[in-house]
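**Q** run01.cif is the file, holding mmCIF, C-alpha atoms and all ligand atoms:
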```cif
data_coords
loop_
_atom_site.label_atom_id
_atom_site.label_comp_id
_atom_site.auth_asym_id
_atom_site.auth_seq_id
_atom_site.Cartn_x
_atom_site.Cartn_y
_atom_site.Cartn_z
CA MET F 1427 52.47 134.17 160.92
CA SER F 1428 55.40 132.70 159.09
CA ASN F 1429 56.93 133.32 155.69
CA PHE F 1430 56.29 129.81 154.44
CA ASP F 1431 53.92 129.04 151.58
CA LYS F 1432 51.10 126.52 151.87
CA PRO F 1433 52.97 123.35 150.79
CA GLN F 1434 55.71 124.29 153.24
CA LEU F 1435 53.26 124.93 156.05
CA ASN F 1436 51.19 121.79 155.65
CA PRO F 1437 53.04 118.97 153.90
CA LEU F 1438 50.89 116.39 155.72
CA GLY F 1439 47.23 115.66 154.98
CA SER F 1440 46.80 115.73 158.75
CA LEU F 1441 48.93 115.67 161.89
CA ASP F 1442 47.93 112.03 162.29
CA GLU F 1443 50.12 111.09 159.34
CA TRP F 1444 53.16 111.80 161.51
CA GLU F 1445 51.80 109.68 164.35
CA ASP F 1446 50.81 106.84 162.01
CA ASP F 1447 54.39 106.90 160.76
CA VAL F 1448 55.80 106.74 164.30
CA LEU F 1449 53.58 103.73 164.89
CA LEU F 1450 55.06 102.01 161.85
CA ARG F 1451 58.57 102.67 163.14
CA TYR F 1452 57.74 101.53 166.66
CA PRO F 1453 54.95 98.96 166.34
CA GLU F 1454 53.31 97.60 169.46
CA PRO F 1455 55.43 94.72 170.73
CA GLY F 1456 53.84 91.37 170.01
CA ALA F 1457 50.86 92.84 168.21
CA ILE F 1458 51.10 92.67 164.45
CA ALA F 1459 47.93 94.70 164.48
CA ALA F 1460 49.68 97.46 162.60
CA ALA F 1461 48.01 97.71 159.25
CA LYS F 1462 51.22 97.80 157.26
CA THR F 1463 54.22 95.53 157.14
CA THR F 1464 57.81 96.67 157.33
CA GLU F 1465 58.14 96.21 153.57
CA GLU F 1466 55.19 98.46 152.96
CA TYR F 1467 56.75 100.99 155.29
CA ARG F 1468 59.88 100.95 153.17
CA ASN F 1469 57.83 101.47 150.04
CA TYR F 1470 58.68 105.04 149.20
CA ASP F 1471 56.24 105.06 146.29
CA ASP F 1472 53.36 105.06 148.73
CA PRO F 1473 51.88 108.60 148.53
CA ALA F 1474 51.40 108.74 152.34
CA ARG F 1475 55.12 108.00 152.74
CA ASP F 1476 55.97 110.87 150.42
CA THR F 1477 54.11 113.41 152.51
CA VAL F 1478 55.80 112.20 155.68
CA ARG F 1479 59.17 112.30 153.94
CA GLU F 1480 58.54 115.86 152.75
CA PHE F 1481 57.41 116.74 156.26
CA TYR F 1482 60.74 115.57 157.69
CA ARG F 1483 62.69 117.27 154.93
CA LEU F 1484 61.14 120.58 155.94
CA ASN F 1485 61.49 119.85 159.66
CA HIS F 1486 65.17 118.95 159.43
CA THR F 1487 65.93 121.85 157.08
CA PHE F 1488 64.26 124.66 158.99
CA GLN F 1489 64.55 123.70 162.68
CA THR F 1490 67.75 125.63 163.25
CA TYR F 1491 69.02 126.83 166.61
CA ASP F 1492 67.98 130.38 165.67
CA PHE F 1493 64.53 129.30 164.53
CA VAL F 1494 63.93 127.62 167.89
CA GLN F 1495 65.07 130.71 169.82
CA GLN F 1496 62.72 132.84 167.78
CA LYS F 1497 59.76 130.52 168.47
CA ARG F 1498 60.58 130.37 172.16
CA ALA F 1499 60.55 134.16 172.33
CA GLU F 1500 57.32 134.26 170.37
CA TYR F 1501 55.36 131.69 172.37
CA LEU F 1502 56.83 131.31 175.84
CA ALA F 1503 55.72 134.76 176.94
CA PHE F 1504 52.16 133.36 176.65
CA THR F 1505 50.55 136.45 175.20
CA ARG F 1506 47.80 134.68 173.24
CA GLY F 1507 45.10 134.86 175.87
CA GLU F 1508 43.63 132.57 178.51
CA LYS F 1509 41.21 129.68 178.23
CA THR F 1510 39.69 127.24 180.68
CA VAL F 1511 40.90 123.69 180.10
CA TRP F 1512 37.52 122.81 178.60
CA GLU F 1513 37.58 125.79 176.25
CA ALA F 1514 41.11 124.77 175.32
CA PHE F 1515 39.98 121.27 174.29
CA GLY F 1516 37.25 122.85 172.14
CA PHE F 1517 39.86 125.08 170.55
CA LEU F 1518 42.25 122.16 169.95
CA ASN F 1519 39.44 120.21 168.30
CA GLN F 1520 39.23 122.83 165.57
CA LEU F 1521 42.22 120.98 164.18
CA VAL F 1522 40.39 118.77 161.75
CA ASP F 1523 41.73 116.34 159.29
CA ASP F 1524 40.44 117.37 155.89
CA SER F 1525 41.85 114.31 154.15
CA ASP F 1526 39.85 111.73 156.07
CA PRO F 1527 37.31 113.23 158.45
CA ASP F 1528 35.41 109.99 159.08
CA THR F 1529 38.07 107.58 160.24
CA ASP F 1530 40.35 109.70 162.38
CA LEU F 1531 39.62 110.48 165.99
CA ASP F 1532 39.56 114.10 166.97
CA GLN F 1533 42.36 115.42 169.17
CA PHE F 1534 40.29 115.22 172.34
CA GLN F 1535 39.47 111.53 171.72
CA HIS F 1536 43.17 110.73 171.46
CA LEU F 1537 43.85 112.59 174.70
CA LEU F 1538 40.95 110.92 176.50
CA GLN F 1539 41.92 107.46 175.26
CA THR F 1540 45.50 107.99 176.37
CA ALA F 1541 44.30 109.15 179.80
CA GLU F 1542 41.82 106.28 180.13
CA ALA F 1543 44.46 103.68 179.23
CA ILE F 1544 46.74 105.10 181.94
CA ARG F 1545 43.89 105.13 184.45
CA ALA F 1546 42.88 101.53 183.60
CA ASP F 1547 46.40 100.41 184.55
CA GLY F 1548 46.11 102.02 187.98
CA HIS F 1549 48.76 104.72 187.56
CA PRO F 1550 48.68 107.88 189.72
CA ASP F 1551 46.07 110.50 188.91
CA TRP F 1552 48.66 113.10 187.87
CA MET F 1553 49.80 110.70 185.14
CA VAL F 1554 46.19 110.34 183.94
CA LEU F 1555 46.06 114.13 183.73
CA THR F 1556 49.39 114.16 181.89
CA GLY F 1557 47.83 111.81 179.33
CA LEU F 1558 44.83 114.10 179.01
CA MET F 1559 46.96 117.18 178.38
CA HIS F 1560 50.01 115.86 176.54
CA ASP F 1561 49.08 117.05 173.03
CA MET F 1562 47.50 120.37 173.99
CA GLY F 1563 50.55 122.06 172.43
CA LYS F 1564 49.23 121.14 169.00
CA VAL F 1565 47.17 124.35 169.17
CA LEU F 1566 50.37 125.86 167.72
CA CYS F 1567 48.96 124.79 164.33
CA LEU F 1568 45.92 126.98 164.99
CA PHE F 1569 48.23 129.91 165.62
CA GLY F 1570 49.56 129.47 162.08
CA GLU F 1571 52.68 127.42 162.77
CA PRO F 1572 53.85 124.99 160.08
CA GLN F 1573 53.16 121.32 160.87
CA TRP F 1574 56.90 120.64 161.08
CA ALA F 1575 57.16 123.20 163.91
CA VAL F 1576 54.37 121.52 165.88
CA VAL F 1577 54.77 117.75 165.52
CA GLY F 1578 57.51 115.36 164.44
CA ASP F 1579 60.26 113.68 166.42
CA THR F 1580 62.12 116.28 168.49
CA PHE F 1581 65.90 116.52 168.84
CA PRO F 1582 68.49 118.79 170.46
CA VAL F 1583 69.54 121.85 168.47
CA GLY F 1584 72.94 123.48 168.95
CA CYS F 1585 74.93 120.26 168.63
CA ALA F 1586 75.45 117.47 166.07
CA TYR F 1587 72.38 115.46 165.04
CA SER F 1588 72.12 111.80 165.90
CA ASP F 1589 71.97 109.55 162.86
CA LYS F 1590 69.22 107.63 164.68
CA ILE F 1591 66.79 110.49 164.09
CA VAL F 1592 64.40 109.52 161.31
CA TYR F 1593 65.63 110.67 157.85
CA PRO F 1594 68.99 111.94 159.13
CA GLU F 1595 70.15 112.70 155.59
CA PHE F 1596 67.87 115.75 155.46
CA PHE F 1597 69.90 117.52 158.13
CA SER F 1598 72.58 118.33 155.57
CA ALA F 1599 70.26 121.09 154.28
CA ASN F 1600 70.06 122.70 157.73
CA PRO F 1601 72.40 125.74 157.99
CA ASP F 1602 73.52 124.54 161.47
CA PHE F 1603 74.92 121.40 159.85
CA ASP F 1604 77.84 123.40 158.47
CA ASP F 1605 78.11 125.85 161.37
CA PRO F 1606 81.17 125.07 163.53
CA ARG F 1607 79.39 126.44 166.64
CA PHE F 1608 76.69 123.81 166.34
CA ASN F 1609 78.00 120.81 164.43
CA THR F 1610 80.29 119.09 166.91
CA ARG F 1611 79.27 116.26 169.25
CA LEU F 1612 78.67 118.69 172.15
CA GLY F 1613 78.17 121.89 170.17
CA ILE F 1614 77.21 124.64 172.62
CA TYR F 1615 76.69 122.20 175.50
CA GLN F 1616 78.84 120.70 178.25
CA GLU F 1617 79.25 116.97 178.73
CA GLY F 1618 76.52 115.71 181.08
CA CYS F 1619 74.87 119.15 181.36
CA GLY F 1620 71.37 117.66 181.71
CA LEU F 1621 68.47 117.97 179.30
CA ARG F 1622 67.12 120.97 181.20
CA ASN F 1623 70.07 122.89 179.74
CA VAL F 1624 69.53 121.59 176.22
CA THR F 1625 67.34 123.40 173.70
CA MET F 1626 65.08 121.01 171.81
CA SER F 1627 63.64 121.51 168.34
CA TRP F 1628 60.44 123.54 168.60
CA GLY F 1629 57.08 121.81 168.82
CA HIS F 1630 54.05 120.84 170.85
CA ASP F 1631 56.04 119.05 173.56
CA GLU F 1632 57.99 122.08 174.77
CA TYR F 1633 54.98 124.37 174.49
CA VAL F 1634 52.71 122.20 176.67
CA TYR F 1635 55.54 121.58 179.13
CA GLN F 1636 56.03 125.32 179.58
CA MET F 1637 52.27 125.82 179.86
CA LEU F 1638 51.93 123.29 182.69
CA LYS F 1639 55.33 123.33 184.37
CA ASP F 1640 54.04 124.69 187.68
CA HIS F 1641 51.17 122.23 187.95
CA LEU F 1642 52.37 118.65 187.52
CA PRO F 1643 55.00 116.53 189.28
CA GLU F 1644 58.45 116.35 187.70
CA GLU F 1645 57.80 112.88 186.27
CA GLY F 1646 54.73 114.16 184.42
CA LEU F 1647 56.66 117.17 183.15
CA TYR F 1648 59.28 114.87 181.61
CA MET F 1649 56.50 112.94 179.88
CA LEU F 1650 55.15 116.17 178.41
CA ARG F 1651 58.47 117.68 177.44
CA TYR F 1652 60.18 114.66 175.88
CA HIS F 1653 57.39 112.44 174.59
CA SER F 1654 58.46 113.01 170.95
CA PHE F 1655 62.19 112.72 171.67
CA TYR F 1656 62.36 109.24 170.17
CA ALA F 1657 66.12 109.41 169.56
CA TRP F 1658 66.50 109.48 173.35
CA HIS F 1659 63.73 107.37 174.79
CA ARG F 1660 63.58 104.73 172.04
CA GLU F 1661 67.07 104.83 170.52
CA GLY F 1662 69.19 105.63 173.57
CA GLU F 1663 71.04 108.47 171.84
CA TYR F 1664 72.51 111.66 173.35
CA GLY F 1665 73.78 109.94 176.50
CA TYR F 1666 76.56 112.54 176.72
CA LEU F 1667 74.05 115.33 177.34
CA LEU F 1668 72.22 113.55 180.17
CA ASP F 1669 72.69 113.94 183.90
CA ASP F 1670 71.63 111.57 186.68
CA HIS F 1671 68.25 113.23 186.96
CA ASP F 1672 67.49 112.61 183.26
CA ARG F 1673 68.56 109.00 183.61
CA LYS F 1674 66.19 108.63 186.56
CA MET F 1675 63.32 110.28 184.69
CA LEU F 1676 63.78 108.20 181.53
CA ARG F 1677 61.77 105.34 182.96
CA TRP F 1678 58.77 107.64 183.37
CA VAL F 1679 59.05 108.86 179.80
CA ASN F 1680 59.24 105.23 178.70
CA LEU F 1681 56.27 104.33 180.88
CA PHE F 1682 54.21 107.01 179.17
CA ASN F 1683 55.11 106.33 175.53
CA PRO F 1684 53.05 103.15 174.92
CA TYR F 1685 49.89 104.85 176.20
CA ASP F 1686 50.40 107.60 173.64
CA LEU F 1687 51.22 105.25 170.76
CA TYR F 1688 49.04 102.22 171.38
CA SER F 1689 45.84 103.44 173.00
CA LYS F 1690 44.08 104.50 169.78
CA ASN F 1691 40.70 102.84 169.48
CA PRO F 1692 37.93 103.56 166.95
CA VAL F 1693 35.36 103.28 169.75
CA ALA F 1694 35.05 106.58 171.60
CA PRO F 1695 34.89 106.40 175.42
CA ASN F 1696 31.61 107.46 176.99
CA TRP F 1697 32.35 111.06 177.82
CA ASN F 1698 29.14 111.66 179.75
CA GLU F 1699 30.09 108.94 182.20
CA LEU F 1700 33.69 110.05 182.46
CA ARG F 1701 33.13 113.75 182.73
CA PRO F 1702 32.75 114.07 186.54
CA TYR F 1703 36.04 112.23 187.11
CA TYR F 1704 37.94 114.45 184.68
CA GLU F 1705 36.36 117.66 185.91
CA ALA F 1706 37.51 116.84 189.43
CA LEU F 1707 40.97 115.84 188.17
CA VAL F 1708 41.45 119.07 186.25
CA GLU F 1709 40.26 121.06 189.22
CA LYS F 1710 42.64 119.24 191.56
CA TYR F 1711 45.81 120.16 189.65
CA LEU F 1712 45.21 122.93 187.14
CA PRO F 1713 44.41 126.63 187.51
CA ALA F 1714 40.98 127.90 186.40
CA ARG F 1715 42.49 129.26 183.20
CA LEU F 1716 45.50 128.25 181.13
CA LYS F 1717 47.65 130.84 179.41
CA PHE F 1718 48.40 130.44 175.71
FE FE F 1801 52.39 114.37 171.11
FE FE F 1802 49.75 111.95 171.56
#
```
Using the file provided, produce a representation of the structure as C-alpha cells.

**A**
Amino acid sequence: MSNFDKPQLNPLGSLDEWEDDVLLRYPEPGAIAAAKTTEEYRNYDDPARDTVREFYRLNHTFQTYDFVQQKRAEYLAFTRGEKTVWEAFGFLNQLVDDSDPDTDLDQFQHLLQTAEAIRADGHPDWMVLTGLMHDMGKVLCLFGEPQWAVVGDTFPVGCAYSDKIVYPEFFSANPDFDDPRFNTRLGIYQEGCGLRNVTMSWGHDEYVYQMLKDHLPEEGLYMLRYHSFYAWHREGEYGYLLDDHDRKMLRWVNLFNPYDLYSKNPVAPNWNELRPYYEALVEKYLPARLKF
C-alpha cells in the first residue's frame, strides 16, 4: 500500500472520469455526439473538470522516474497470484463506480464492446483479443494503487515533458522537473533509442503489456503498451526517441485507439451468445492462468 491519503489516492469519482475527459479532448471525428461542447470542456468551474484537473495535478507531481522504478520492481515480478482470464474479469469488475452506478458500464462491458467493435470491422482475431484484454491492468486499483498510478495519459519519464501532455503546467511540481539528469530533451536516453528503451509513467498499459508480452503479436503488444500515450499517437510528440520499428508500429496503435474511445454503447452485448467465441479465442492465445 502507498503512503497517500484518500483524496490523493482517489481524486476521481470513478476511473471513467479520466476516459470521459479523453473523449472530450479527442471527440469522434464527424460525430458531435459528445455530450459537451468545447466551451463546456473549457469551463473549469464544472465540478467534474475539477476532479480531473486534481487527478492530473497528482499524476504529474508524483510520477517521477524513481516512483516508476519502484512500481516496476513491485509489480513486474508478478507475485500477486494467478487467475484464469475469466476469474480475472470477475476481479476487475469489482472496480465499481460509486458516484454513478446506474449509467456507467462495468469494466468487462467496455472490454467486450471494444473487442466486438474490432471484430465487426473484420480485423484479425489477435486484435479482438487485444481489445478484450487492454484494460486488464486497471486491477492495479484493486491492489491499492492511486488512480493516478493506474490511468491517465502516459508519458516518458527520465527526460523533459512534452508541452502537449494534458495540463503540462503541473509538471513543475515534479522533482524531476528540476533534476538535471532528467530535464533535458533526451534526459537519460539516446536519440532514436526506440520506445522499448524508454521508461513510461506507471499505469495499466505497462502492467497489462508485461502480463501478456509472450502471448500476442508485436502489433497487439504496442496497442496494449502505448494506448494511453496520447502525446505520441495523437500529438506526434517524442519523435526523437522513436526508432524505425516504433514508426512502423504507430499505425497499429492508431488503428486501435478509436475502438477504445468510441465503442462505448449503453446497450450491453449479448454475452451468452458471444461466450463460445471468446472462450475459444482466449484458449487459442492465452495460458490457462495469468500471473498478477
Ligand atoms: Fe486503457
Ligand atoms: Fe479502454

**Q** Could you tell me how far atom CA of F:Asn1429 lies from atom CA of F:Pro1601, in Å and to one decimal?

**A**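 Computing it gives 17.4 Å between the two atoms.
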
**Q** Using all atoms listed in the file, which protein or nucleic acid residues come within 8 Å of stretch 1684-1691 of chain F? Drop anything in the same chain fewer than 2 positions from it, and give the result as a ChimeraX atom specification.

**A** /F:1445,1449,1454,1536,1539-1541,1543-1544,1557,1680-1682,1693-1694

**Q** Give the residue list for ligand FE 1801 (chain F) at 9 Å, counting only C-alpha atoms and all ligand atoms, as a list in words, sorted by chain and then by residue number.

**A**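 Every residue with an atom at most 9 Å from ligand FE 1801 (chain F) is listed here: Glu1445, His1560, Asp1561, Met1562, Gly1563, Lys1564, Val1577, Gly1578, His1630, Asp1631, Leu1650, His1653, Ser1654 and Asp1686 of chain F.
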
**Q** Rank F:Leu1621, F:Leu1537, F:Ala1499, F:Leu1566 by their smallest atom-to-atom distance to ligand FE 1802 (chain F), using only C-alpha atoms and all ligand atoms, and report the top residue only.

**A**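 The shortest atom-to-atom distance to ligand FE 1802 (chain F) comes from F:Leu1537.
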
**Q** May I have the residues at most 7 Å from (73.1, 122.9, 167.8) in the file's coordinates, counting all atoms listed in the file, as a PyMOL selection string?

**A** chain F and resi 1491+1582-1586+1602+1608-1609+1613-1614

**Q** Restricting the calculation to all atoms listed in the file, which member of F:Asp1669, F:Asp1579, F:Asp1446, F:Asp1492 is positioned closest to F:Glu1617?

**A**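 Under the stated criterion, the closest residue is F:Asp1669.
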
**Q** Rank nothing, just name the residue among F:Phe1603, F:Arg1498, F:Arg1545, F:Arg1660 nearest to F:Pro1453, using all atoms listed in the file.

**A**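 Using all atoms listed in the file, the shortest distance to F:Pro1453 belongs to F:Arg1660.
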
**Q** Applying 12 Å and all atoms listed in the file, which residues near F:Pro1550 remain after dropping the ones on its own chain fewer than 3 positions away? List them as a list of chain:residue names.

**A** F:Ala1541, F:Glu1542, F:Ile1544, F:Arg1545, F:Ala1546, F:Asp1547, F:Met1553, F:Val1554, F:Leu1555, F:Thr1556, F:Gly1557, F:Leu1642, F:Pro1643, F:Glu1645, F:Gly1646, F:Trp1678, F:Phe1682, F:Leu1707

**Q** With all atoms listed in the file as the counted atoms, please give the residues lying no more than 7 Å from F:Gln1573, apart from itself and same-chain residues fewer than 4 positions off, as a PyMOL selection string.

**A** chain F and resi 1435-1436+1567+1577

**Q** What is the atom CA of F:Asp1605-atom CA of F:Tyr1633 distance in Å, reported with one decimal?

**A**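 Between atom CA of F:Asp1605 and atom CA of F:Tyr1633 the gap is 26.6 Å.
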
**Q** Find the distance between atom CA of F:Leu1667 and atom CA of F:Gly1620 and write it in Å to one decimal.

**A** 5.6 Å

**Q** Smallest atom-to-atom distance to ligand FE 1802 (chain F): which of F:Leu1521, F:Leu1438, F:Ala1514, F:Met1649, using only C-alpha atoms and all ligand atoms?

**A**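 Among the listed residues, the smallest separation from ligand FE 1802 (chain F) belongs to F:Met1649.
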
**Q** Measuring between only C-alpha atoms, which one of F:Gln1520, F:Gln1434, F:Thr1487, F:Thr1510 shows the shortest distance to F:Leu1712?

**A**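 Between F:Gln1520, F:Gln1434, F:Thr1487, F:Thr1510, the residue approaching F:Leu1712 most closely is F:Thr1510.
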
**Q** Counting only C-alpha atoms, figure out which residue out of F:Asn1519, F:Asp1476, F:Tyr1648, F:Ala1599 gets nearest to F:Lys1674.

**A** F:Tyr1648

**Q** Residues within 8 Å of F:Tyr1593, please, as a PyMOL selection string. Count all atoms listed in the file; anything in the same chain fewer than 5 positions from it doesn't count.

**A** chain F and resi 1479+1482-1483
